[in-house]
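start.cif follows; it contains mmCIF, C-alpha atoms.
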```
data_target
#
loop_
_atom_site.label_atom_id
_atom_site.label_comp_id
_atom_site.auth_asym_id
_atom_site.auth_seq_id
_atom_site.Cartn_x
_atom_site.Cartn_y
_atom_site.Cartn_z
CA MET A 819 169.74 211.28 83.04
CA THR A 820 170.93 212.33 79.59
CA MET A 821 171.47 209.39 77.29
CA THR A 822 175.09 208.31 76.76
CA PRO A 823 176.55 205.26 75.03
CA GLU A 824 176.94 203.64 78.47
CA THR A 825 173.29 204.13 79.47
CA ILE A 826 171.46 200.80 79.72
CA LEU A 827 168.03 201.23 78.15
CA THR A 828 165.16 198.82 77.89
CA PRO A 829 164.71 197.51 74.33
CA GLU A 830 161.63 199.72 73.84
CA ALA A 831 163.46 202.81 75.08
CA ALA A 832 166.52 202.00 72.98
CA ARG A 833 164.36 201.82 69.87
CA ALA A 834 162.65 205.12 70.75
CA TYR A 835 166.03 206.78 71.20
CA GLU A 836 167.44 205.39 67.95
CA LEU A 837 164.41 206.45 65.93
CA ASP A 838 164.43 209.88 67.57
CA ARG A 839 168.04 210.47 66.57
CA ARG A 840 167.34 209.24 63.05
CA HIS A 841 164.11 211.14 62.34
CA VAL A 842 163.08 213.75 64.95
CA PHE A 843 164.04 217.40 64.57
CA HIS A 844 164.11 219.03 68.04
CA SER A 845 163.32 222.65 68.87
CA TRP A 846 165.89 225.21 70.06
CA SER A 847 168.74 222.73 69.50
CA ALA A 848 171.78 221.94 67.42
CA GLN A 849 170.68 218.51 66.25
CA ALA A 850 174.05 216.74 66.18
CA ALA A 851 174.77 217.56 69.82
CA LEU A 852 171.55 216.10 71.22
CA THR A 853 171.34 213.07 73.51
CA PRO A 854 167.73 213.35 74.69
CA THR A 855 166.46 211.49 77.74
CA VAL A 856 163.81 208.90 76.92
CA ILE A 857 160.73 209.27 79.13
CA THR A 858 158.67 206.08 79.26
CA ALA A 859 156.07 206.73 81.96
CA ALA A 860 154.82 209.32 84.42
CA GLU A 861 152.46 209.60 87.35
CA GLY A 862 151.70 212.47 89.69
CA CYS A 863 154.96 214.34 90.30
CA TYR A 864 157.26 211.60 88.98
CA VAL A 865 158.54 210.43 85.60
CA TRP A 866 160.50 207.32 84.61
CA ASP A 867 163.35 207.38 82.12
CA GLY A 868 164.35 204.74 79.60
CA ALA A 869 166.67 203.03 82.06
CA GLY A 870 163.91 202.66 84.62
CA ASN A 871 165.02 205.47 86.92
CA ARG A 872 162.30 207.37 88.78
CA LEU A 873 162.76 211.16 88.79
CA LEU A 874 160.88 213.73 90.86
CA ASP A 875 159.68 216.26 88.26
CA PHE A 876 160.72 219.70 89.49
CA SER A 877 160.25 221.03 85.94
CA SER A 878 156.60 220.14 85.25
CA MET A 879 158.05 219.20 81.84
CA LEU A 880 157.98 222.76 80.43
CA VAL A 881 156.21 224.27 83.43
CA ASN A 882 152.88 223.01 82.15
CA THR A 883 151.82 219.84 83.99
CA ASN A 884 150.16 221.85 86.76
CA ILE A 885 147.71 219.07 87.59
CA GLY A 886 150.49 216.47 87.57
CA HIS A 887 151.05 213.54 85.25
CA GLN A 888 148.30 211.11 84.28
CA HIS A 889 145.52 212.59 86.40
CA PRO A 890 142.78 209.94 86.18
CA LYS A 891 139.89 212.40 85.83
CA VAL A 892 141.49 214.13 82.86
CA ILE A 893 142.42 210.86 81.18
CA ALA A 894 138.85 209.62 81.61
CA ALA A 895 137.44 212.85 80.17
CA ILE A 896 139.64 212.58 77.07
CA ALA A 897 138.62 208.95 76.56
CA GLU A 898 134.93 209.76 77.03
CA GLN A 899 135.13 212.65 74.56
CA ALA A 900 137.05 210.54 72.04
CA ALA A 901 134.34 207.89 72.17
CA LYS A 902 131.67 210.54 71.53
CA LEU A 903 133.23 213.09 69.13
CA CYS A 904 136.94 213.26 68.34
CA THR A 905 136.96 216.43 66.29
CA VAL A 906 134.68 219.18 65.05
CA ALA A 907 135.33 222.26 62.90
CA PRO A 908 135.50 225.56 64.81
CA GLN A 909 132.47 227.07 63.06
CA PHE A 910 130.18 224.65 64.90
CA ALA A 911 129.17 224.89 68.55
CA ASN A 912 130.34 222.05 70.74
CA ASP A 913 129.51 221.22 74.35
CA ALA A 914 133.14 220.61 75.42
CA ARG A 915 134.35 223.90 73.92
CA SER A 916 131.40 225.85 75.31
CA GLU A 917 131.87 224.47 78.81
CA ALA A 918 135.61 225.07 78.75
CA ALA A 919 135.00 228.69 77.75
CA ARG A 920 132.47 229.12 80.57
CA LEU A 921 134.82 227.71 83.19
CA ILE A 922 137.71 229.88 82.04
CA ALA A 923 135.55 233.02 81.89
CA GLU A 924 134.35 232.35 85.45
CA ARG A 925 137.95 232.58 86.63
CA THR A 926 139.31 235.50 84.62
CA PRO A 927 139.37 238.89 86.34
CA GLY A 928 137.08 241.74 85.35
CA ASP A 929 135.01 241.41 82.20
CA LEU A 930 137.35 239.16 80.21
CA ASP A 931 134.44 236.82 79.51
CA THR A 932 134.93 235.94 75.83
CA ILE A 933 137.36 233.15 74.97
CA PHE A 934 139.15 232.56 71.67
CA PHE A 935 140.83 229.15 71.60
CA THR A 936 144.19 228.45 69.98
CA ASN A 937 146.50 225.44 69.82
CA GLY A 938 149.07 226.77 72.29
CA GLY A 939 150.70 229.77 73.91
CA ALA A 940 152.61 231.23 70.98
CA ASP A 941 149.58 231.46 68.72
CA ALA A 942 147.58 232.87 71.63
CA VAL A 943 150.09 235.72 71.80
CA GLU A 944 149.96 236.11 68.01
CA HIS A 945 146.18 236.49 68.07
CA ALA A 946 146.12 238.77 71.11
CA ILE A 947 148.48 241.13 69.32
CA ARG A 948 146.40 240.95 66.15
CA MET A 949 143.29 241.81 68.14
CA ALA A 950 145.03 244.75 69.81
CA ARG A 951 146.27 246.10 66.47
CA LEU A 952 142.84 245.87 64.89
CA HIS A 953 141.10 247.31 67.95
CA THR A 954 143.41 250.34 68.17
CA GLY A 955 144.32 250.83 64.52
CA ARG A 956 147.96 251.00 65.62
CA TYR A 957 150.86 248.65 64.94
CA LYS A 958 153.74 248.87 67.43
CA VAL A 959 153.93 246.46 70.36
CA LEU A 960 156.06 247.05 73.46
CA SER A 961 157.46 244.26 75.62
CA ARG A 962 160.21 243.88 78.17
CA TYR A 963 163.68 242.47 77.92
CA ARG A 964 164.03 239.22 79.90
CA SER A 965 160.76 237.77 78.67
CA TYR A 966 159.51 234.88 76.57
CA HIS A 967 156.29 234.91 74.56
CA GLY A 968 156.60 232.07 72.06
CA GLY A 969 158.40 230.80 68.98
CA THR A 970 156.15 231.99 66.13
CA GLU A 971 156.98 235.07 64.08
CA THR A 972 155.43 237.89 66.08
CA ALA A 973 155.67 236.11 69.44
CA VAL A 974 159.39 235.44 69.12
CA ASN A 975 160.01 239.07 68.16
CA VAL A 976 158.05 240.24 71.19
CA THR A 977 160.23 237.89 73.25
CA GLY A 978 163.02 239.62 75.15
CA ASP A 979 165.61 236.87 75.51
CA PRO A 980 168.38 235.63 73.19
CA ARG A 981 166.10 233.23 71.34
CA ARG A 982 164.75 236.31 69.57
CA TRP A 983 168.09 237.35 68.12
CA PRO A 984 168.35 234.95 65.13
CA ASN A 985 164.71 235.68 64.25
CA ASP A 986 164.74 239.46 64.67
CA HIS A 987 165.07 241.51 61.49
CA GLY A 988 163.79 244.73 63.01
CA ASN A 989 160.66 244.78 60.87
CA THR A 990 157.90 243.37 63.09
CA GLY A 991 156.86 246.54 64.88
CA THR A 992 158.19 245.41 68.26
CA VAL A 993 160.01 247.62 70.76
CA HIS A 994 161.65 246.43 73.98
CA PHE A 995 162.10 248.13 77.33
CA PHE A 996 163.64 247.19 80.68
CA GLY A 997 161.30 245.90 83.35
CA PRO A 998 161.90 245.86 87.09
CA PHE A 999 164.49 243.35 88.34
CA LEU A 1000 166.15 244.69 91.47
CA TYR A 1001 168.76 241.95 91.78
CA ARG A 1002 170.20 242.97 88.40
CA SER A 1003 168.81 246.49 88.24
CA GLU A 1004 169.19 248.51 85.06
CA PHE A 1005 168.28 251.63 87.04
CA ASP A 1006 170.90 251.63 89.83
CA ALA A 1007 168.09 251.14 92.31
CA GLU A 1008 168.71 250.09 95.89
CA THR A 1009 165.14 249.33 96.96
CA GLU A 1010 162.05 247.77 95.38
CA ALA A 1011 160.31 251.15 95.55
CA GLN A 1012 163.15 252.82 93.63
CA GLU A 1013 163.22 249.98 91.09
CA THR A 1014 159.47 250.26 90.54
CA ASP A 1015 159.48 254.05 90.17
CA ARG A 1016 162.46 254.11 87.84
CA ALA A 1017 161.18 251.22 85.70
CA LEU A 1018 157.84 253.00 85.28
CA ALA A 1019 159.59 256.26 84.41
CA HIS A 1020 161.67 254.38 81.83
CA LEU A 1021 158.53 252.83 80.31
CA ALA A 1022 156.74 256.19 80.25
CA ARG A 1023 159.73 257.73 78.48
CA THR A 1024 159.85 254.86 75.97
CA ILE A 1025 156.18 255.39 75.16
CA GLU A 1026 156.76 259.11 74.77
CA MET A 1027 159.73 258.66 72.43
CA GLU A 1028 158.06 255.92 70.34
CA GLY A 1029 154.87 257.98 70.00
CA PRO A 1030 151.83 256.91 72.03
CA SER A 1031 149.57 257.10 68.98
CA THR A 1032 151.66 254.41 67.27
CA ILE A 1033 151.50 251.81 70.06
CA ALA A 1034 148.82 249.13 69.96
CA ALA A 1035 149.78 247.07 73.00
CA ILE A 1036 152.11 246.43 75.88
CA VAL A 1037 152.68 242.70 76.38
CA LEU A 1038 153.91 241.56 79.79
CA GLU A 1039 154.16 238.22 81.49
CA SER A 1040 152.33 238.88 84.76
CA VAL A 1041 155.26 237.09 86.40
CA PRO A 1042 158.06 236.45 83.89
CA GLY A 1043 158.69 232.72 83.72
CA THR A 1044 161.56 231.27 81.70
CA ALA A 1045 163.34 234.62 81.91
CA GLY A 1046 163.74 234.37 85.67
CA ILE A 1047 160.51 234.52 87.73
CA MET A 1048 161.06 238.18 88.66
CA VAL A 1049 157.93 238.93 90.69
CA PRO A 1050 156.91 242.58 90.09
CA THR A 1051 155.40 244.87 92.69
CA THR A 1052 151.71 245.66 92.70
CA GLU A 1053 152.65 249.28 92.10
CA TYR A 1054 154.52 248.40 88.92
CA LEU A 1055 151.65 246.57 87.24
CA ALA A 1056 149.22 249.24 88.42
CA GLY A 1057 151.51 251.82 86.84
CA VAL A 1058 151.57 249.92 83.54
CA ARG A 1059 147.77 249.76 83.62
CA GLU A 1060 147.63 253.53 84.18
CA LEU A 1061 150.02 254.24 81.30
CA CYS A 1062 147.92 252.05 79.00
CA ASP A 1063 144.73 253.83 80.05
CA THR A 1064 146.32 257.25 79.55
CA HIS A 1065 147.45 256.50 76.02
CA GLY A 1066 144.74 254.13 74.78
CA ILE A 1067 147.14 251.17 74.70
CA VAL A 1068 145.92 247.59 75.10
CA PHE A 1069 147.42 245.80 78.11
CA ILE A 1070 148.06 242.13 77.28
CA ALA A 1071 148.91 239.90 80.25
CA ASP A 1072 150.76 236.78 79.11
CA GLU A 1073 149.69 234.03 81.52
CA VAL A 1074 150.79 231.10 79.36
CA MET A 1075 153.21 229.88 82.03
CA ALA A 1076 152.05 231.74 85.14
CA GLY A 1077 148.34 230.96 84.83
CA PHE A 1078 146.11 228.20 86.19
CA GLY A 1079 147.48 227.82 89.68
CA ARG A 1080 151.19 228.22 89.13
CA THR A 1081 151.50 231.24 91.46
CA GLY A 1082 148.83 230.08 93.90
CA LYS A 1083 146.07 231.97 92.05
CA TRP A 1084 144.04 230.97 89.02
CA PHE A 1085 145.79 233.79 87.15
CA ALA A 1086 149.02 235.39 88.33
CA ILE A 1087 147.67 238.88 87.65
CA GLU A 1088 145.27 238.34 90.58
CA ASN A 1089 148.23 238.66 92.94
CA PHE A 1090 148.43 242.32 91.96
CA GLY A 1091 144.79 243.42 91.69
CA VAL A 1092 145.20 244.63 88.11
CA ILE A 1093 142.82 243.84 85.23
CA PRO A 1094 144.36 243.67 81.74
CA ASP A 1095 142.48 243.97 78.44
CA LEU A 1096 143.55 240.58 77.12
CA ILE A 1097 144.96 237.47 78.80
CA THR A 1098 146.82 234.77 76.91
CA PHE A 1099 146.84 231.28 78.39
CA ALA A 1100 147.88 227.70 77.54
CA LYS A 1101 150.01 225.14 79.42
CA GLY A 1102 148.21 224.74 82.76
CA VAL A 1103 144.69 225.13 81.33
CA ASN A 1104 144.77 221.36 80.79
CA SER A 1105 148.38 220.58 81.73
CA GLY A 1106 149.22 219.93 78.09
CA TYR A 1107 147.41 216.61 78.00
CA VAL A 1108 146.09 217.74 74.61
CA PRO A 1109 147.52 220.99 73.12
CA LEU A 1110 145.37 224.04 73.93
CA GLY A 1111 145.78 227.77 74.36
CA GLY A 1112 143.65 230.84 74.09
CA VAL A 1113 142.91 234.50 74.61
CA ALA A 1114 140.49 235.86 77.19
CA ILE A 1115 139.00 239.05 75.73
CA SER A 1116 137.56 242.09 77.49
CA ALA A 1117 134.08 243.36 76.63
CA ALA A 1118 135.43 246.44 74.85
CA ILE A 1119 137.70 244.47 72.54
CA ALA A 1120 135.10 241.77 71.95
CA ALA A 1121 132.68 244.52 70.88
CA THR A 1122 135.12 245.60 68.18
CA PHE A 1123 134.41 242.32 66.41
CA ALA A 1124 130.67 242.16 67.04
CA ASP A 1125 129.90 243.40 63.52
CA ARG A 1126 133.39 243.34 62.08
CA VAL A 1127 134.93 240.10 60.88
CA TYR A 1128 137.92 238.97 62.90
CA PRO A 1129 140.52 237.96 60.30
CA GLY A 1130 141.98 234.91 61.98
CA GLY A 1131 141.29 231.35 63.01
CA LEU A 1132 142.63 227.83 63.35
CA THR A 1133 141.33 224.47 62.17
CA TYR A 1134 141.67 223.07 65.69
CA SER A 1135 140.40 226.08 67.65
CA GLY A 1136 138.75 224.63 70.73
CA HIS A 1137 139.40 221.04 69.66
CA PRO A 1138 136.95 218.85 71.59
CA LEU A 1139 139.60 216.53 73.04
CA ALA A 1140 141.61 219.51 74.28
CA ALA A 1141 138.50 221.29 75.55
CA ALA A 1142 137.30 218.19 77.39
CA ALA A 1143 140.72 217.93 79.02
CA ALA A 1144 140.43 221.59 80.08
CA VAL A 1145 136.98 221.05 81.58
CA ALA A 1146 138.20 218.05 83.57
CA THR A 1147 141.37 219.86 84.63
CA ILE A 1148 139.60 222.98 85.87
CA ASN A 1149 136.95 220.96 87.69
CA ALA A 1150 139.56 218.72 89.32
CA MET A 1151 141.67 221.72 90.33
CA THR A 1152 138.59 223.26 91.95
CA GLU A 1153 137.33 220.11 93.68
CA GLU A 1154 140.78 219.06 94.91
CA ARG A 1155 141.86 222.59 95.90
CA ILE A 1156 144.96 222.30 93.75
CA VAL A 1157 145.40 226.06 93.35
CA GLU A 1158 145.22 226.47 97.11
CA ASN A 1159 147.74 223.65 97.51
CA ALA A 1160 150.18 225.50 95.24
CA ALA A 1161 149.85 228.63 97.36
CA GLU A 1162 150.31 226.71 100.61
CA ILE A 1163 153.29 224.66 99.42
CA GLY A 1164 154.98 227.83 98.23
CA GLU A 1165 154.38 229.71 101.44
CA ARG A 1166 155.10 226.92 103.92
CA VAL A 1167 157.62 224.67 102.18
CA LEU A 1168 159.30 225.88 98.99
CA GLY A 1169 159.85 229.52 99.92
CA PRO A 1170 161.25 228.86 103.41
CA GLY A 1171 163.14 225.79 102.22
CA LEU A 1172 164.87 227.59 99.35
CA ARG A 1173 165.75 230.54 101.57
CA GLU A 1174 167.27 228.10 104.05
CA LEU A 1175 169.35 226.57 101.25
CA ALA A 1176 170.56 230.06 100.35
CA GLN A 1177 171.97 230.46 103.86
CA ARG A 1178 174.10 227.33 103.42
CA HIS A 1179 175.16 227.49 99.78
CA PRO A 1180 177.39 230.36 98.60
CA SER A 1181 176.39 229.65 94.99
CA ILE A 1182 172.86 230.98 95.65
CA GLY A 1183 172.67 234.70 94.99
CA GLU A 1184 168.90 235.14 95.29
CA VAL A 1185 165.70 233.15 95.74
CA ARG A 1186 162.41 234.54 94.42
CA GLY A 1187 158.96 233.32 93.53
CA LEU A 1188 155.33 232.56 94.41
CA GLY A 1189 153.31 229.37 94.74
CA VAL A 1190 155.15 226.61 92.87
CA PHE A 1191 156.98 229.12 90.68
CA TRP A 1192 160.50 229.80 92.01
CA ALA A 1193 163.91 230.72 90.65
CA VAL A 1194 167.28 230.23 92.31
CA GLU A 1195 169.86 232.66 90.94
CA LEU A 1196 173.24 230.94 90.92
CA VAL A 1197 176.43 232.99 91.09
CA ARG A 1198 180.17 232.58 91.28
CA ASP A 1199 180.50 235.46 93.70
CA ARG A 1200 177.71 236.86 95.87
CA ALA A 1201 179.43 240.23 96.19
CA THR A 1202 179.82 240.86 92.44
CA ARG A 1203 176.77 238.74 91.47
CA GLU A 1204 178.75 237.20 88.61
CA PRO A 1205 176.41 234.54 87.20
CA LEU A 1206 177.35 230.87 87.19
CA ALA A 1207 176.62 230.84 83.44
CA PRO A 1208 176.56 233.74 80.99
CA TYR A 1209 173.33 235.36 79.86
CA GLY A 1210 172.14 233.36 76.88
CA GLY A 1211 174.41 230.41 77.55
CA THR A 1212 175.37 227.60 79.88
CA SER A 1213 178.57 226.51 81.63
CA PRO A 1214 180.31 223.37 82.91
CA ALA A 1215 179.16 224.31 86.40
CA MET A 1216 175.49 224.31 85.38
CA ASN A 1217 175.90 221.07 83.44
CA GLU A 1218 177.46 219.45 86.49
CA LEU A 1219 174.58 220.68 88.66
CA VAL A 1220 171.98 219.19 86.32
CA ALA A 1221 173.86 215.88 86.29
CA ALA A 1222 174.05 215.88 90.09
CA CYS A 1223 170.31 216.49 90.36
CA ARG A 1224 169.45 213.69 87.95
CA ALA A 1225 171.87 211.24 89.56
CA ARG A 1226 170.01 211.80 92.83
CA GLY A 1227 166.55 211.38 91.29
CA LEU A 1228 165.47 214.94 90.44
CA LEU A 1229 164.45 216.32 87.04
CA PRO A 1230 165.37 220.04 87.18
CA PHE A 1231 164.51 223.03 85.01
CA VAL A 1232 167.48 225.29 84.28
CA ASN A 1233 167.93 228.37 82.15
CA PHE A 1234 171.28 230.15 81.85
CA ASN A 1235 172.51 230.58 85.45
CA ARG A 1236 169.20 229.80 87.11
CA LEU A 1237 167.67 226.72 88.62
CA HIS A 1238 163.87 226.96 88.51
CA VAL A 1239 161.84 225.10 91.11
CA VAL A 1240 158.55 224.55 89.31
CA PRO A 1241 156.94 221.24 90.31
CA PRO A 1242 153.31 220.38 89.58
CA CYS A 1243 150.73 222.27 91.62
CA VAL A 1244 149.65 218.94 93.16
CA ILE A 1245 152.99 218.35 94.86
CA THR A 1246 152.75 217.24 98.47
CA GLU A 1247 154.75 218.58 101.38
CA ALA A 1248 156.72 215.33 101.54
CA GLU A 1249 157.55 215.45 97.82
CA ALA A 1250 158.57 219.11 98.02
CA LYS A 1251 160.87 218.36 100.94
CA GLU A 1252 162.30 215.37 99.04
CA GLY A 1253 163.18 217.67 96.16
CA LEU A 1254 164.70 220.29 98.44
CA ALA A 1255 166.86 217.64 100.09
CA ILE A 1256 168.15 216.53 96.69
CA LEU A 1257 168.90 220.14 95.77
CA ASP A 1258 170.75 220.60 99.05
CA ARG A 1259 173.15 217.80 98.11
CA ALA A 1260 173.41 218.73 94.43
CA LEU A 1261 174.22 222.39 95.12
CA ILE A 1262 177.53 221.33 96.64
CA VAL A 1263 178.60 220.89 93.02
CA ALA A 1264 177.72 224.52 92.25
CA ASP A 1265 179.40 225.72 95.45
CA ALA A 1266 182.67 224.26 94.20
CA HIS A 1267 182.64 226.83 91.38
CA THR A 1268 182.26 229.88 93.63
CA THR A 1269 185.07 232.30 94.38
CA SER A 1270 183.76 233.69 97.65
#
```

Whole structure, structure tokens version:
Amino acid sequence: MTMTPETILTPEAARAYELDRRHVFHSWSAQAALTPTVITAAEGCYVWDGAGNRLLDFSSMLVNTNIGHQHPKVIAAIAEQAAKLCTVAPQFANDARSEAARLIAERTPGDLDTIFFTNGGADAVEHAIRMARLHTGRYKVLSRYRSYHGGTETAVNVTGDPRRWPNDHGNTGTVHFFGPFLYRSEFDAETEAQETDRALAHLARTIEMEGPSTIAAIVLESVPGTAGIMVPTTEYLAGVRELCDTHGIVFIADEVMAGFGRTGKWFAIENFGVIPDLITFAKGVNSGYVPLGGVAISAAIAATFADRVYPGGLTYSGHPLAAAAAVATINAMTEERIVENAAEIGERVLGPGLRELAQRHPSIGEVRGLGVFWAVELVRDRATREPLAPYGGTSPAMNELVAACRARGLLPFVNFNRLHVVPPCVITEAEAKEGLAILDRALIVADAHTTS
């Protein structure tokens, strides 16, 4: 629940809320309008708010707690590492960092076997782009509209959603194009094949008009996340790979949100059989227990910096507490078959369950996704596909839906007119069905705003 003057908080939660409103500056927010929920505890797929209410976490916080909350093996690994060595400068070798790099490299596709560690996803994108520019000697970077790549200077300009607008001064060397999204096609397509072909033709034309020799990289989320979980076709990503090969452009796959089990594969790009030149990751690599991100680097790009200094770094690159958390997370995900669980829950429970909801609720325009990575497109009218909230904004209908979910014990993830179903990869069948049942009741609120 969102905090209101009537909310009864425990004394500890009340103090946390009061101090937050007095001192904490929140991201992506108008500060005076905020009434943030106090979270006091979490375990598995549940969190508890400051009033003691238990909420099923269908958001994975910010789609990052892939291994669930408070996994005992990860907590123990952090404690063990803290007792041994809390921090070390990046110029030294460290067993936690080395092992984390090995485990990640074992799971990346192709020859992306060299790992550069960052503090999170945005700086991973920043460094991937820097590597691509230095490797190619070119500057421009292409990315799609309806995308999110981070909040730092280059990453937010590569981003293709409205959060870029206040930060975009047209001077960062970024160019945007339309990617495939059949439900809201920019290409008047009627089939996935048409959408794929026309989107690739549009990208090829954009490259031609921008000048292939000026383009360092194309940055794509393998499966766009916050922008709408629009799963591309294999043919589309293969076509992007071919265009990059033809023109000597670096293909950067942004797996910050989609990686580490979210789509039922270690990396989402594996669903499509395509190997990029660089992969950015963060979030699920250790479920955010300690901040960590990174770039997986192909052999060709790594060779560029074999005898040439790479002009970049971070004080906390591969921080031992974060690296130890990554080692424990990856090992636990392997031993407990958590990635496989995400694939199975998506195929057997979430996908069928959400499609069944779409048959009963006129507010659902489309359901799409993989693994534990789903979006429900909410509309006022199925025929016209008018969204339940405007692009870049919200609406009373969406606010009512969120309130209805929380009142029934569900913590949702919403963006514009979409409800994202993105629980931890460890979610059980019973928990998934519990969440779907809550959505079934809450969506009655959205249905009341439809015109069809």

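Nearest to Val1190 of chain A of all the residues A:Thr970, A:Asn1089, A:Thr1064, A:Asn1159 is A:Asn1159, based on only C-alpha atoms.
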
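Each of A:Glu1013, A:Glu1088, A:Glu1039, A:Glu1028 was checked against Asp1072 of chain A using only C-alpha atoms; the smallest atom-to-atom distance is that of A:Glu1039.
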
| task | Kindly extract all protein, DNA and RNA residues lying within 10 Å of the coordinates (159.8, 237.2, 91.5) given in the file, considering all atoms listed in the file, and supply them as a PyMOL selection string. | result | chain A and resi 998-1000+1041-1043+1046-1051+1185-1188+1191-1193

Could you give me, as a Markdown table, a per-residue list for segment 871-947 of chain A showing, wherever an atom lies at most 12 Å from an atom of segment 953-957 of chain A, the closest pair of atoms and their distance in Å to one decimal, using only C-alpha atoms and sorting by chain then residue number from low to high?
```
| residue | atom | partner | partner_atom | distance |
| --- | --- | --- | --- | --- |
| A:His945 | CA | A:His953 | CA | 12.0 |
| A:Ala946 | CA | A:His953 | CA | 10.4 |
| A:Ile947 | CA | A:Tyr957 | CA | 9.0 |
```

Could you write out that same residue set with C-alpha atoms as an mmCIF file, in the frame of the given file?
```
data_model
loop_
_atom_site.group_PDB
_atom_site.id
_atom_site.type_symbol
_atom_site.label_atom_id
_atom_site.label_comp_id
_atom_site.auth_asym_id
_atom_site.auth_seq_id
_atom_site.Cartn_x
_atom_site.Cartn_y
_atom_site.Cartn_z
ATOM 1 C CA HIS A 945 146.180 236.490 68.070
ATOM 2 C CA ALA A 946 146.120 238.770 71.110
ATOM 3 C CA ILE A 947 148.480 241.130 69.320
#
```

| task | Counting all atoms listed in the file, select every polymer residue within 8 Å of (178.6, 233.0, 95.0) as defined in the file's coordinates, and provide the selection as a list in words. | result | Pro1180, Ser1181, Ile1182, Gly1183, Leu1196, Val1197, Arg1198, Asp1199, Arg1200, Ala1201, Arg1203, Glu1204, Asp1265, Thr1268, Thr1269 and Ser1270 of chain A

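Here the question is which of A:Ala834, A:Ala1207, A:Ile1033, A:Leu1055 gets nearest to Asn1233 of chain A using all atoms listed in the file, and that residue is A:Ala1207.
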
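Non-sequential neighbours of Arg951 of chain A (distance at most 12 Å, separation of 4 or more positions within a chain, only C-alpha atoms) are Glu944, His945, Ala946, Ile947, Gly955, Arg956, Tyr957, Lys958, Val959, Gly991, Ser1031, Thr1032, Ile1033, Ala1034, Ala1035, Ile1036, Gly1066, Ile1067, Val1068, Phe1069, Ile1070, Ile1119, Thr1122, Tyr1128 and Pro1129 of chain A.
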
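Nearest to Ala1176 of chain A of all the residues A:Asp1125, A:Glu1252, A:Asp1258, A:Glu1053 is A:Asp1258, based on only C-alpha atoms.
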
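Computed from the coordinates, the atom CA of Ala1150 of chain A to atom CA of Gly1164 of chain A distance equals 20.0 Å.
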
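Using all atoms listed in the file for every distance, the candidate list A:Gln899, A:Thr1044, A:Ser916, A:Gln888 yields A:Thr1044 as the residue closest to Thr977 of chain A.
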
| request: Would you kindly return, as a ChimeraX atom specification, each protein, DNA or RNA residue with an atom no farther than 8 Å from any atom of segment 1210-1214 of chain A, considering all atoms listed in the file and excluding same-chain residues fewer than 6 positions away? | output: /A:979-980,1233-1235

| field | Residue contacts of segment 826-828 of chain A (7 Å, only C-alpha atoms) excluding same-chain residues fewer than 2 positions away, as a PyMOL selection string | value | chain A and resi 824+830-832+868-869

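For the choices A:Thr1052, A:Asn989, A:Thr883, A:Thr1081, the atom-to-atom distance to Glu1165 of chain A is smallest for A:Thr1081 when using all atoms listed in the file.
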
| task | Tell me, as a ChimeraX atom specification, which residues lie within 10 Å of Ala918 of chain A, counting all atoms listed in the file; anything in the same chain fewer than 4 positions away does not count. | result | /A:913-914,922-924,933,935,1103,1136,1138,1140-1149

| message | Starting from the PyMOL selection byres ((chain A and resi 1058) around 9), expand the selection into actual residues of this file and give them as a ChimeraX atom specification. | response | /A:1018,1021-1022,1036,1053-1057,1059-1063,1069

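Between atom CA of Asp875 of chain A and atom CA of Pro1109 of chain A lies a distance of 20.0 Å.
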
| request: Record the distance separating atom CA of Pro1241 of chain A and atom CA of Lys1083 of chain A, expressed in Å with one decimal. | output: 15.4 Å

| query | Could you name the residues that touch Ala1225 of chain A at 10 Å or less, counting all atoms listed in the file, but leaving out those on the same chain fewer than 3 positions away, as a list in words? | reply | Met819, Asn871, Leu873, Leu1219, Val1220, Ala1221, Ala1222, Leu1228, Leu1229, Ile1256 and Ala1260 of chain A

Could you complete segment 844-850 of chain A so that it carries N, CA and C atoms, and give it back as a PDB file, in the frame of the given file?
```pdb
ATOM      1  N   HIS A 844     164.479 218.449  66.753  1.00  0.00           N
ATOM      2  CA  HIS A 844     164.110 219.030  68.040  1.00  0.00           C
ATOM      3  C   HIS A 844     164.198 220.562  68.002  1.00  0.00           C
ATOM      4  N   SER A 845     163.351 221.193  68.801  1.00  0.00           N
ATOM      5  CA  SER A 845     163.320 222.650  68.870  1.00  0.00           C
ATOM      6  C   SER A 845     164.486 223.212  69.676  1.00  0.00           C
ATOM      7  N   TRP A 846     164.873 224.440  69.330  1.00  0.00           N
ATOM      8  CA  TRP A 846     165.890 225.210  70.060  1.00  0.00           C
ATOM      9  C   TRP A 846     167.177 224.412  70.271  1.00  0.00           C
ATOM     10  N   SER A 847     167.602 223.620  69.289  1.00  0.00           N
ATOM     11  CA  SER A 847     168.740 222.730  69.500  1.00  0.00           C
ATOM     12  C   SER A 847     169.590 222.603  68.247  1.00  0.00           C
ATOM     13  N   ALA A 848     170.900 222.422  68.473  1.00  0.00           N
ATOM     14  CA  ALA A 848     171.780 221.940  67.420  1.00  0.00           C
ATOM     15  C   ALA A 848     171.626 220.426  67.388  1.00  0.00           C
ATOM     16  N   GLN A 849     171.139 219.889  66.287  1.00  0.00           N
ATOM     17  CA  GLN A 849     170.680 218.510  66.250  1.00  0.00           C
ATOM     18  C   GLN A 849     171.776 217.488  66.529  1.00  0.00           C
ATOM     19  N   ALA A 850     172.975 217.729  66.041  1.00  0.00           N
ATOM     20  CA  ALA A 850     174.050 216.740  66.180  1.00  0.00           C
ATOM     21  C   ALA A 850     174.509 216.575  67.625  1.00  0.00           C
TER      22      ALA A 850
END
```
